[in-house]
>>> print(open('data-v8.cif').read())   # mmCIF, C-alpha atoms and all ligand atoms
data_target
#
loop_
_atom_site.label_atom_id
_atom_site.label_comp_id
_atom_site.auth_asym_id
_atom_site.auth_seq_id
_atom_site.Cartn_x
_atom_site.Cartn_y
_atom_site.Cartn_z
CA MET A 1 -21.40 -13.05 7.43
CA ASN A 2 -20.03 -15.30 4.65
CA GLU A 3 -17.22 -17.85 5.00
CA LEU A 4 -14.46 -15.45 3.92
CA GLU A 5 -15.61 -12.75 6.32
CA GLN A 6 -15.58 -15.30 9.12
CA ALA A 7 -12.09 -16.53 8.22
CA TRP A 8 -10.40 -13.09 8.30
CA GLN A 9 -10.35 -10.34 10.89
CA ASN A 10 -10.79 -6.85 9.39
CA PHE A 11 -11.82 -8.55 6.13
CA ALA A 12 -11.77 -6.13 3.16
CA PRO A 13 -14.11 -7.11 0.27
CA SER A 14 -12.15 -4.74 -2.01
CA CYS A 15 -9.01 -6.88 -1.61
CA GLU A 16 -10.88 -9.90 -2.98
CA ARG A 17 -12.00 -7.83 -5.98
CA ASN A 18 -8.62 -6.25 -6.78
CA LYS A 19 -6.02 -8.85 -5.72
CA ALA A 20 -5.89 -10.79 -9.01
CA VAL A 21 -5.49 -7.72 -11.23
CA ILE A 22 -2.95 -6.09 -8.88
CA TRP A 23 -0.99 -9.34 -8.83
CA GLN A 24 -0.90 -9.55 -12.65
CA THR A 25 0.32 -5.93 -12.76
CA ILE A 26 2.99 -6.08 -10.05
CA LYS A 27 4.29 -9.57 -10.92
CA PRO A 28 6.85 -8.30 -13.47
CA TYR A 29 8.24 -5.82 -10.92
CA LEU A 30 8.75 -8.56 -8.30
CA ALA A 31 10.37 -11.09 -10.63
CA ASP A 32 13.96 -10.73 -9.36
CA LYS A 33 13.20 -9.38 -5.87
CA GLN A 34 13.90 -11.06 -2.52
CA SER A 35 12.33 -8.79 0.12
CA LEU A 36 9.23 -6.60 0.35
CA LEU A 37 7.87 -4.31 3.07
CA GLU A 38 4.13 -3.64 2.98
CA ILE A 39 2.78 -0.46 4.61
CA GLY A 40 -0.78 -0.55 6.01
CA SER A 41 -1.44 -4.28 5.49
CA LEU A 42 -4.65 -4.17 7.60
CA SER A 43 -6.10 -7.69 7.12
CA GLY A 44 -3.06 -9.05 5.27
CA GLN A 45 -5.22 -10.38 2.41
CA HIS A 46 -2.89 -8.94 -0.24
CA ALA A 47 0.18 -10.24 1.61
CA CYS A 48 -1.19 -13.78 1.85
CA TYR A 49 -2.36 -13.89 -1.77
CA PHE A 50 0.69 -12.28 -3.43
CA SER A 51 3.34 -14.01 -1.32
CA GLY A 52 1.67 -17.37 -1.91
CA GLN A 53 2.34 -16.86 -5.64
CA LEU A 54 6.02 -16.04 -5.13
CA LEU A 55 7.39 -18.19 -2.34
CA ARG A 56 10.98 -16.94 -2.54
CA LEU A 57 9.90 -13.34 -1.84
CA SER A 58 10.08 -12.53 1.87
CA TRP A 59 6.99 -10.39 2.64
CA GLN A 60 7.08 -8.14 5.71
CA CYS A 61 3.60 -6.90 6.66
CA SER A 62 3.14 -3.88 8.88
CA ASP A 63 0.50 -1.55 10.26
CA ILE A 64 -0.15 0.90 13.07
CA ALA A 65 -0.36 -0.66 16.56
CA PRO A 66 -4.17 -1.09 16.90
CA ASN A 67 -4.28 -3.16 13.71
CA LEU A 68 -1.43 -5.51 14.62
CA PRO A 69 -3.32 -8.18 16.67
CA PRO A 70 -5.89 -8.99 13.94
CA LEU A 71 -3.18 -8.79 11.24
CA THR A 72 -0.94 -11.17 13.19
CA ALA A 73 -3.81 -13.63 13.69
CA ASN A 74 -4.65 -13.54 9.96
CA ILE A 75 -1.04 -14.12 8.91
CA LYS A 76 -0.80 -17.09 11.30
CA ALA A 77 -4.02 -18.55 9.88
CA HIS A 78 -3.53 -17.83 6.17
CA GLY A 79 0.08 -16.82 5.43
CA SER A 80 2.67 -19.02 3.79
CA ALA A 81 6.10 -19.40 5.40
CA ASN A 82 7.53 -16.42 3.48
CA VAL A 83 5.13 -13.95 5.17
CA LEU A 84 7.00 -12.65 8.20
CA SER A 85 5.37 -11.81 11.50
CA PRO A 86 3.88 -8.28 11.18
CA ILE A 87 5.69 -5.29 12.64
CA GLU A 88 4.41 -1.96 13.94
CA LEU A 89 5.01 0.75 11.38
CA ASP A 90 3.44 4.18 11.66
CA VAL A 91 4.91 5.95 8.65
CA ALA A 92 5.22 9.16 10.68
CA ASN A 93 7.56 7.54 13.20
CA THR A 94 11.13 7.42 11.86
CA LEU A 95 12.06 4.84 14.52
CA HIS A 96 9.47 2.33 13.23
CA TRP A 97 11.04 2.01 9.77
CA PRO A 98 13.27 -1.10 9.58
CA LYS A 99 16.91 -0.18 9.01
CA THR A 100 17.54 -3.19 6.77
CA PRO A 101 16.79 -2.08 3.21
CA PHE A 102 14.04 -3.85 1.24
CA ASP A 103 14.01 -4.51 -2.51
CA VAL A 104 10.38 -3.34 -2.71
CA ILE A 105 8.09 -1.22 -0.55
CA TYR A 106 4.40 -1.75 -1.37
CA THR A 107 1.21 -0.10 -0.18
CA ALA A 108 -2.44 -0.26 -1.26
CA ASN A 109 -5.20 2.18 -0.44
CA THR A 110 -3.32 4.04 2.28
CA LEU A 111 -2.18 7.41 0.86
CA HIS A 112 -5.77 8.71 0.71
CA ILE A 113 -6.54 7.38 4.22
CA MET A 114 -3.61 8.83 6.18
CA SER A 115 -3.35 12.62 6.63
CA TRP A 116 -1.37 14.66 4.08
CA LEU A 117 1.22 15.33 6.81
CA HIS A 118 1.65 11.57 7.19
CA VAL A 119 1.97 11.16 3.41
CA ILE A 120 4.79 13.74 3.54
CA GLU A 121 6.42 11.91 6.45
CA CYS A 122 5.98 8.55 4.72
CA PHE A 123 8.04 9.73 1.74
CA ALA A 124 10.54 11.58 3.94
CA ASN A 125 11.16 8.51 6.14
CA MET A 126 11.06 5.79 3.50
CA SER A 127 14.76 5.98 2.66
CA VAL A 128 15.49 4.41 6.08
CA SER A 129 14.16 1.10 4.64
CA ALA A 130 15.39 1.58 1.07
CA LYS A 131 18.57 1.38 -0.98
CA SER A 132 19.48 2.39 -4.50
CA GLY A 133 17.12 0.50 -6.83
CA THR A 134 14.37 -0.10 -4.24
CA LEU A 135 10.92 0.14 -5.82
CA PHE A 136 8.04 1.91 -4.10
CA ILE A 137 4.72 0.63 -5.47
CA ALA A 138 1.51 2.40 -4.47
CA TYR A 139 -2.00 1.31 -5.50
CA GLY A 140 -5.08 3.49 -5.11
CA PRO A 141 -6.99 6.47 -6.51
CA PHE A 142 -5.28 9.74 -7.51
CA ASN A 143 -6.39 13.08 -8.93
CA PHE A 144 -4.65 14.42 -12.04
CA GLY A 145 -4.31 18.10 -12.94
CA GLY A 146 -6.37 18.95 -9.83
CA LYS A 147 -9.34 16.95 -11.15
CA TYR A 148 -11.03 13.73 -10.09
CA SER A 149 -10.47 10.95 -12.59
CA SER A 150 -14.13 9.87 -12.37
CA GLU A 151 -17.49 10.75 -10.88
CA SER A 152 -17.20 7.74 -8.56
CA ASN A 153 -13.85 9.02 -7.23
CA ALA A 154 -15.44 12.45 -6.58
CA GLU A 155 -18.16 10.72 -4.54
CA PHE A 156 -15.57 8.54 -2.79
CA ASP A 157 -13.60 11.68 -1.80
CA ILE A 158 -16.69 13.21 -0.17
CA TRP A 159 -17.29 9.94 1.71
CA LEU A 160 -13.63 9.83 2.82
CA LYS A 161 -13.70 13.41 4.18
CA GLU A 162 -17.00 12.87 6.01
CA ARG A 163 -15.45 9.85 7.70
CA ASP A 164 -12.15 11.61 8.53
CA SER A 165 -11.46 15.22 7.59
CA GLN A 166 -7.73 14.40 7.17
CA SER A 167 -8.36 11.79 4.46
CA ALA A 168 -8.58 12.74 0.78
CA ILE A 169 -7.70 11.48 -2.68
CA ARG A 170 -4.23 12.91 -3.32
CA ASP A 171 -3.02 14.90 -6.31
CA PHE A 172 -0.71 12.65 -8.27
CA GLU A 173 1.63 15.55 -9.12
CA SER A 174 2.07 16.50 -5.43
CA VAL A 175 2.81 12.90 -4.47
CA ASP A 176 5.25 12.57 -7.36
CA ASP A 177 7.00 15.75 -6.11
CA LEU A 178 7.40 14.10 -2.67
CA ALA A 179 8.87 11.03 -4.36
CA LYS A 180 11.36 13.21 -6.28
CA GLN A 181 12.35 15.02 -3.08
CA ALA A 182 12.91 11.61 -1.46
CA GLY A 183 15.31 10.62 -4.25
CA MET A 184 12.96 8.51 -6.40
CA GLU A 185 12.06 8.60 -10.06
CA LEU A 186 8.73 7.65 -11.58
CA ALA A 187 9.05 4.28 -13.33
CA ALA A 188 5.39 3.57 -14.21
CA ASN A 189 1.89 4.93 -13.72
CA ILE A 190 -0.58 2.26 -14.75
CA ASP A 191 -4.34 2.69 -15.11
CA MET A 192 -6.17 0.04 -13.10
CA PRO A 193 -9.85 -0.97 -12.93
CA ALA A 194 -12.30 1.15 -10.94
CA ASN A 195 -10.32 4.36 -11.59
CA ASN A 196 -7.31 3.34 -9.53
CA GLN A 197 -3.62 3.62 -10.39
CA LEU A 198 -0.65 1.43 -9.74
CA VAL A 199 2.32 3.76 -9.46
CA VAL A 200 5.92 2.57 -9.37
CA TRP A 201 8.80 4.79 -8.24
CA GLN A 202 12.44 3.75 -7.98
CA PHE A 203 15.11 5.05 -5.58
CA ASN A 204 18.12 6.47 -7.42
C1 LIG B 301 -8.11 1.40 3.67
S1 LIG B 301 -6.92 0.55 4.63
C2 LIG B 301 -6.05 -0.33 3.37
C3 LIG B 301 -5.71 -1.68 3.82
C4 LIG B 301 -5.14 -2.63 2.76
N1 LIG B 301 -3.82 -2.21 2.34
C5 LIG B 301 -6.07 -2.73 1.59
O1 LIG B 301 -5.66 -2.48 0.45
O2 LIG B 301 -7.24 -3.09 1.81
C6 LIG B 301 -5.80 1.85 5.11
C7 LIG B 301 -4.63 1.35 5.92
O3 LIG B 301 -3.73 2.45 6.13
C8 LIG B 301 -3.20 2.30 7.43
N2 LIG B 301 -2.64 3.57 7.92
C9 LIG B 301 -3.29 4.72 8.19
N3 LIG B 301 -2.44 5.63 8.69
C10 LIG B 301 -1.23 5.04 8.74
C11 LIG B 301 0.06 5.46 9.17
N4 LIG B 301 0.25 6.70 9.68
N5 LIG B 301 1.08 4.60 9.07
C12 LIG B 301 0.89 3.36 8.56
N6 LIG B 301 -0.30 2.89 8.13
C13 LIG B 301 -1.34 3.73 8.23
C14 LIG B 301 -4.41 1.83 8.23
O4 LIG B 301 -4.04 1.33 9.50
C15 LIG B 301 -4.99 0.79 7.29
O5 LIG B 301 -4.41 -0.46 7.48
#
>>> encode(input="data-v8.cif", output="structure tokens", more="lines below")
Ligand SMILES: C[S@@+](CC[C@H](N)C(=O)[O-])C[C@H]1O[C@@H](n2cnc3c(N)ncnc32)[C@H](O)[C@@H]1O
Amino acid sequence: MNELEQAWQNFAPSCERNKAVIWQTIKPYLADKQSLLEIGSLSGQHACYFSGQLLRLSWQCSDIAPNLPPLTANIKAHGSANVLSPIELDVANTLHWPKTPFDVIYTANTLHIMSWLHVIECFANMSVSAKSGTLFIAYGPFNFGGKYSSESNAEFDIWLKERDSQSAIRDFESVDDLAKQAGMELAANIDMPANNQLVVWQFN
């Protein structure tokens, strides 16, 4: 175990690889924002890195209950003062969504992990924590036109489904339909390294 792995619970090597490029890409969208809710923070590596670059942005981490103790410990150890204590948020539970609206809702690598039903519920419930103008930013892999965007994503999808039959790389068009039904419009769909996307929707 290296030093970083020792310092973080639930350490995700992928976050170390992608955090700098995600930060460069989302920075312009956060420029005038005050509050952000992150869904599925897991280790909190993104939260600690991004919020440390933008100290006036209040960053609310969240995750499902089993992941809260390690996330809370990581935020205490590594978070700057603008990272708030993590809250329980299962996207499928309407009561978990904070009723105070956020300027931005952010999530990385979650839509292909949670079940499709939970993706539907995530979009259906999100308005509880949003207002007109709120951005929803989602990072991760997507299929386009019913096709994998790379051979590596096709292999990743097989691995995902072997691990959990409910997980799968989602069709971008189906997710965009959910966003439209939830009252959002597509603002950007940016190609990222390793065949990932950074997608930005905005609430009308
Ligand atoms: C692959 S991890 C991604 C973690 C981190 N965002 C990253 O980029 O490394 C998937 C995350 O989705 C979360 N998740 C799965 N189902 C969820 C649900 N129903 N509601 C909220 N989060 C969920 C998991 O708990 C986990 O933190």
>>> atom_distance(input="data-v8.cif", atom1="CA of Trp159 (chain A)", atom2="CA of Glu16 (chain A)")
21.4 Å
>>> residues_near_ligand(input="data-v8.cif", ligand="ligand LIG 301 (chain B)", cutoff="10 Å", atoms="all atoms listed in the file", output="ChimeraX atom specification")
/A:10-16,18-19,38-47,61-68,71,88-93,96,106-119,121-122,138-140,167
>>> atom_distance(input="data-v8.cif", atom1="CA of Ser129 (chain A)", atom2="CA of Asp164 (chain A)")
28.6 Å
>>> closest_atom_pairs(input="data-v8.cif", of="region 109-162 of chain A", to="region 173-197 of chain A", cutoff="10 Å", atoms="only C-alpha atoms", output="tab-separated table")
residue	atom	partner	partner_atom	distance
A:Asn109	CA	A:Asn196	CA	9.4
A:Leu111	CA	A:Val175	CA	9.1
A:Trp116	CA	A:Val175	CA	9.7
A:Val119	CA	A:Val175	CA	8.1
A:Ile120	CA	A:Leu178	CA	6.7
A:Glu121	CA	A:Leu178	CA	9.4
A:Cys122	CA	A:Leu178	CA	9.4
A:Phe123	CA	A:Ala182	CA	6.1
A:Ala124	CA	A:Ala182	CA	5.9
A:Asn125	CA	A:Ala182	CA	8.4
A:Met126	CA	A:Ala182	CA	7.9
A:Ser127	CA	A:Ala182	CA	7.2
A:Ser132	CA	A:Met184	CA	9.1
A:Gly133	CA	A:Met184	CA	9.0
A:Thr134	CA	A:Met184	CA	9.0
A:Leu135	CA	A:Met184	CA	8.6
A:Phe136	CA	A:Met184	CA	8.5
A:Ile137	CA	A:Ala188	CA	9.2
A:Ala138	CA	A:Gln197	CA	7.9
A:Tyr139	CA	A:Gln197	CA	5.6
A:Gly140	CA	A:Asn196	CA	5.0
A:Pro141	CA	A:Asn196	CA	4.4
A:Phe142	CA	A:Gln197	CA	7.0
A:Asn143	CA	A:Glu173	CA	8.4
A:Phe144	CA	A:Glu173	CA	7.0
A:Gly145	CA	A:Glu173	CA	7.5
A:Gly146	CA	A:Glu173	CA	8.7
A:Tyr148	CA	A:Asn195	CA	9.5
A:Ser149	CA	A:Asn195	CA	6.7
A:Ser150	CA	A:Asn195	CA	6.7
A:Glu151	CA	A:Asn195	CA	9.6
A:Ser152	CA	A:Asn195	CA	8.2
A:Asn153	CA	A:Asn195	CA	7.3
>>> atom_distance(input="data-v8.cif", atom1="CA of Cys48 (chain A)", atom2="CA of Asn82 (chain A)")
9.3 Å
>>> closest_residue(input="data-v8.cif", among="A:Val128, A:Leu30, A:Leu160, A:Ala168", to="Thr94 (chain A)", atoms="only C-alpha atoms")
A:Val128
>>> closest_residue(input="data-v8.cif", among="A:Leu37, A:Ala31, A:Ile75, A:Ile158", to="Ala130 (chain A)", atoms="all atoms listed in the file")
A:Leu37
>>> closest_residue(input="data-v8.cif", among="A:Ser35, A:Gly52, A:Ser85, A:Glu3", to="Pro101 (chain A)", atoms="all atoms listed in the file")
A:Ser35
>>> residues_around(input="data-v8.cif", residues="Asp32 (chain A)", least_positions_apart="5", cutoff="10 Å", atoms="only C-alpha atoms", output="ChimeraX atom specification")
/A:27,56-57,103
>>> residues_around(input="data-v8.cif", residues="Ser51 (chain A)", least_positions_apart="6", cutoff="9 Å", atoms="all atoms listed in the file", output="number ranges by chain")
A: 57-59, 79-80, 82-83
>>> decode(input="data-v8.cif", residues="region 45-86 of chain A", atoms="N, CA and C atoms", output="mmCIF file, in the first residue's frame")
data_model
loop_
_atom_site.group_PDB
_atom_site.id
_atom_site.type_symbol
_atom_site.label_atom_id
_atom_site.label_comp_id
_atom_site.auth_asym_id
_atom_site.auth_seq_id
_atom_site.Cartn_x
_atom_site.Cartn_y
_atom_site.Cartn_z
ATOM 1 N N GLN A 45 -12.163 12.283 -2.591
ATOM 2 C CA GLN A 45 -10.935 12.811 -3.212
ATOM 3 C C GLN A 45 -11.237 13.987 -4.136
ATOM 4 N N HIS A 46 -12.300 13.854 -4.961
ATOM 5 C CA HIS A 46 -12.653 14.970 -5.846
ATOM 6 C C HIS A 46 -13.043 16.188 -5.025
ATOM 7 N N ALA A 47 -13.860 15.968 -3.996
ATOM 8 C CA ALA A 47 -14.338 17.085 -3.164
ATOM 9 C C ALA A 47 -13.158 17.843 -2.574
ATOM 10 N N CYS A 48 -12.205 17.109 -2.009
ATOM 11 C CA CYS A 48 -11.078 17.769 -1.334
ATOM 12 C C CYS A 48 -10.196 18.496 -2.339
ATOM 13 N N TYR A 49 -9.990 17.910 -3.503
ATOM 14 C CA TYR A 49 -9.123 18.550 -4.508
ATOM 15 C C TYR A 49 -9.807 19.774 -5.116
ATOM 16 N N PHE A 50 -11.046 19.627 -5.585
ATOM 17 C CA PHE A 50 -11.723 20.724 -6.285
ATOM 18 C C PHE A 50 -12.025 21.887 -5.324
ATOM 19 N N SER A 51 -12.518 21.551 -4.138
ATOM 20 C CA SER A 51 -12.922 22.627 -3.221
ATOM 21 C C SER A 51 -11.703 23.376 -2.710
ATOM 22 N N GLY A 52 -10.555 22.695 -2.637
ATOM 23 C CA GLY A 52 -9.325 23.367 -2.230
ATOM 24 C C GLY A 52 -8.878 24.419 -3.234
ATOM 25 N N GLN A 53 -9.350 24.286 -4.495
ATOM 26 C CA GLN A 53 -8.979 25.248 -5.542
ATOM 27 C C GLN A 53 -9.939 26.442 -5.561
ATOM 28 N N LEU A 54 -11.088 26.291 -4.909
ATOM 29 C CA LEU A 54 -12.122 27.330 -4.992
ATOM 30 C C LEU A 54 -12.755 27.474 -3.606
ATOM 31 N N LEU A 55 -12.053 28.218 -2.748
ATOM 32 C CA LEU A 55 -12.395 28.200 -1.325
ATOM 33 C C LEU A 55 -13.730 28.865 -1.002
ATOM 34 N N ARG A 56 -14.256 29.692 -1.944
ATOM 35 C CA ARG A 56 -15.546 30.309 -1.609
ATOM 36 C C ARG A 56 -16.728 29.425 -2.015
ATOM 37 N N LEU A 57 -16.457 28.290 -2.662
ATOM 38 C CA LEU A 57 -17.535 27.366 -3.032
ATOM 39 C C LEU A 57 -17.779 26.392 -1.880
ATOM 40 N N SER A 58 -18.994 26.380 -1.362
ATOM 41 C CA SER A 58 -19.347 25.453 -0.295
ATOM 42 C C SER A 58 -19.675 24.095 -0.939
ATOM 43 N N TRP A 59 -18.933 23.055 -0.531
ATOM 44 C CA TRP A 59 -19.026 21.741 -1.207
ATOM 45 C C TRP A 59 -19.663 20.727 -0.258
ATOM 46 N N GLN A 60 -20.860 20.273 -0.596
ATOM 47 C CA GLN A 60 -21.578 19.299 0.234
ATOM 48 C C GLN A 60 -21.398 17.901 -0.342
ATOM 49 N N CYS A 61 -20.601 17.079 0.314
ATOM 50 C CA CYS A 61 -20.433 15.678 -0.120
ATOM 51 C C CYS A 61 -21.628 14.857 0.342
ATOM 52 N N SER A 62 -21.849 13.751 -0.321
ATOM 53 C CA SER A 62 -22.894 12.822 0.125
ATOM 54 C C SER A 62 -22.584 11.422 -0.389
ATOM 55 N N ASP A 63 -23.237 10.453 0.221
ATOM 56 C CA ASP A 63 -23.186 9.080 -0.308
ATOM 57 C C ASP A 63 -24.237 8.255 0.422
ATOM 58 N N ILE A 64 -24.382 7.013 0.013
ATOM 59 C CA ILE A 64 -25.302 6.116 0.706
ATOM 60 C C ILE A 64 -24.699 5.767 2.085
ATOM 61 N N ALA A 65 -25.548 5.349 3.016
ATOM 62 C CA ALA A 65 -25.160 5.216 4.427
ATOM 63 C C ALA A 65 -23.868 4.420 4.670
ATOM 64 N N PRO A 66 -23.668 3.240 4.032
ATOM 65 C CA PRO A 66 -22.465 2.458 4.369
ATOM 66 C C PRO A 66 -21.162 3.195 4.055
ATOM 67 N N ASN A 67 -21.217 4.146 3.128
ATOM 68 C CA ASN A 67 -19.989 4.846 2.730
ATOM 69 C C ASN A 67 -19.746 6.127 3.516
ATOM 70 N N LEU A 68 -20.675 6.473 4.418
ATOM 71 C CA LEU A 68 -20.525 7.749 5.126
ATOM 72 C C LEU A 68 -19.369 7.771 6.140
ATOM 73 N N PRO A 69 -19.164 6.715 6.977
ATOM 74 C CA PRO A 69 -18.067 6.805 7.960
ATOM 75 C C PRO A 69 -16.690 7.026 7.316
ATOM 76 N N PRO A 70 -16.299 6.243 6.292
ATOM 77 C CA PRO A 70 -14.987 6.522 5.691
ATOM 78 C C PRO A 70 -14.930 7.896 5.008
ATOM 79 N N LEU A 71 -16.051 8.292 4.379
ATOM 80 C CA LEU A 71 -16.080 9.610 3.715
ATOM 81 C C LEU A 71 -15.900 10.723 4.755
ATOM 82 N N THR A 72 -16.605 10.598 5.864
ATOM 83 C CA THR A 72 -16.513 11.619 6.918
ATOM 84 C C THR A 72 -15.085 11.700 7.465
ATOM 85 N N ALA A 73 -14.468 10.538 7.669
ATOM 86 C CA ALA A 73 -13.083 10.527 8.184
ATOM 87 C C ALA A 73 -12.137 11.189 7.174
ATOM 88 N N ASN A 74 -12.325 10.914 5.898
ATOM 89 C CA ASN A 74 -11.450 11.508 4.872
ATOM 90 C C ASN A 74 -11.607 13.024 4.814
ATOM 91 N N ILE A 75 -12.860 13.482 4.898
ATOM 92 C CA ILE A 75 -13.102 14.938 4.821
ATOM 93 C C ILE A 75 -12.464 15.638 6.023
ATOM 94 N N LYS A 76 -12.572 14.990 7.190
ATOM 95 C CA LYS A 76 -11.939 15.572 8.401
ATOM 96 C C LYS A 76 -10.434 15.661 8.208
ATOM 97 N N ALA A 77 -9.856 14.624 7.605
ATOM 98 C CA ALA A 77 -8.386 14.564 7.483
ATOM 99 C C ALA A 77 -7.859 15.448 6.355
ATOM 100 N N HIS A 78 -8.626 15.577 5.259
ATOM 101 C CA HIS A 78 -8.065 16.195 4.049
ATOM 102 C C HIS A 78 -8.853 17.388 3.513
ATOM 103 N N GLY A 79 -10.056 17.641 4.043
ATOM 104 C CA GLY A 79 -10.915 18.674 3.445
ATOM 105 C C GLY A 79 -10.580 20.069 3.965
ATOM 106 N N SER A 80 -10.737 21.052 3.104
ATOM 107 C CA SER A 80 -10.600 22.434 3.571
ATOM 108 C C SER A 80 -11.927 22.839 4.235
ATOM 109 N N ALA A 81 -11.934 24.044 4.821
ATOM 110 C CA ALA A 81 -13.080 24.451 5.643
ATOM 111 C C ALA A 81 -14.375 24.529 4.833
ATOM 112 N N ASN A 82 -14.277 24.701 3.518
ATOM 113 C CA ASN A 82 -15.485 24.834 2.695
ATOM 114 C C ASN A 82 -16.091 23.480 2.280
ATOM 115 N N VAL A 83 -15.488 22.372 2.720
ATOM 116 C CA VAL A 83 -16.126 21.059 2.490
ATOM 117 C C VAL A 83 -16.964 20.741 3.725
ATOM 118 N N LEU A 84 -18.274 20.656 3.523
ATOM 119 C CA LEU A 84 -19.184 20.446 4.655
ATOM 120 C C LEU A 84 -19.185 18.977 5.066
ATOM 121 N N SER A 85 -19.623 18.728 6.276
ATOM 122 C CA SER A 85 -19.697 17.354 6.756
ATOM 123 C C SER A 85 -20.646 16.542 5.858
ATOM 124 N N PRO A 86 -20.243 15.363 5.406
ATOM 125 C CA PRO A 86 -21.050 14.596 4.449
ATOM 126 C C PRO A 86 -22.441 14.236 4.964
#
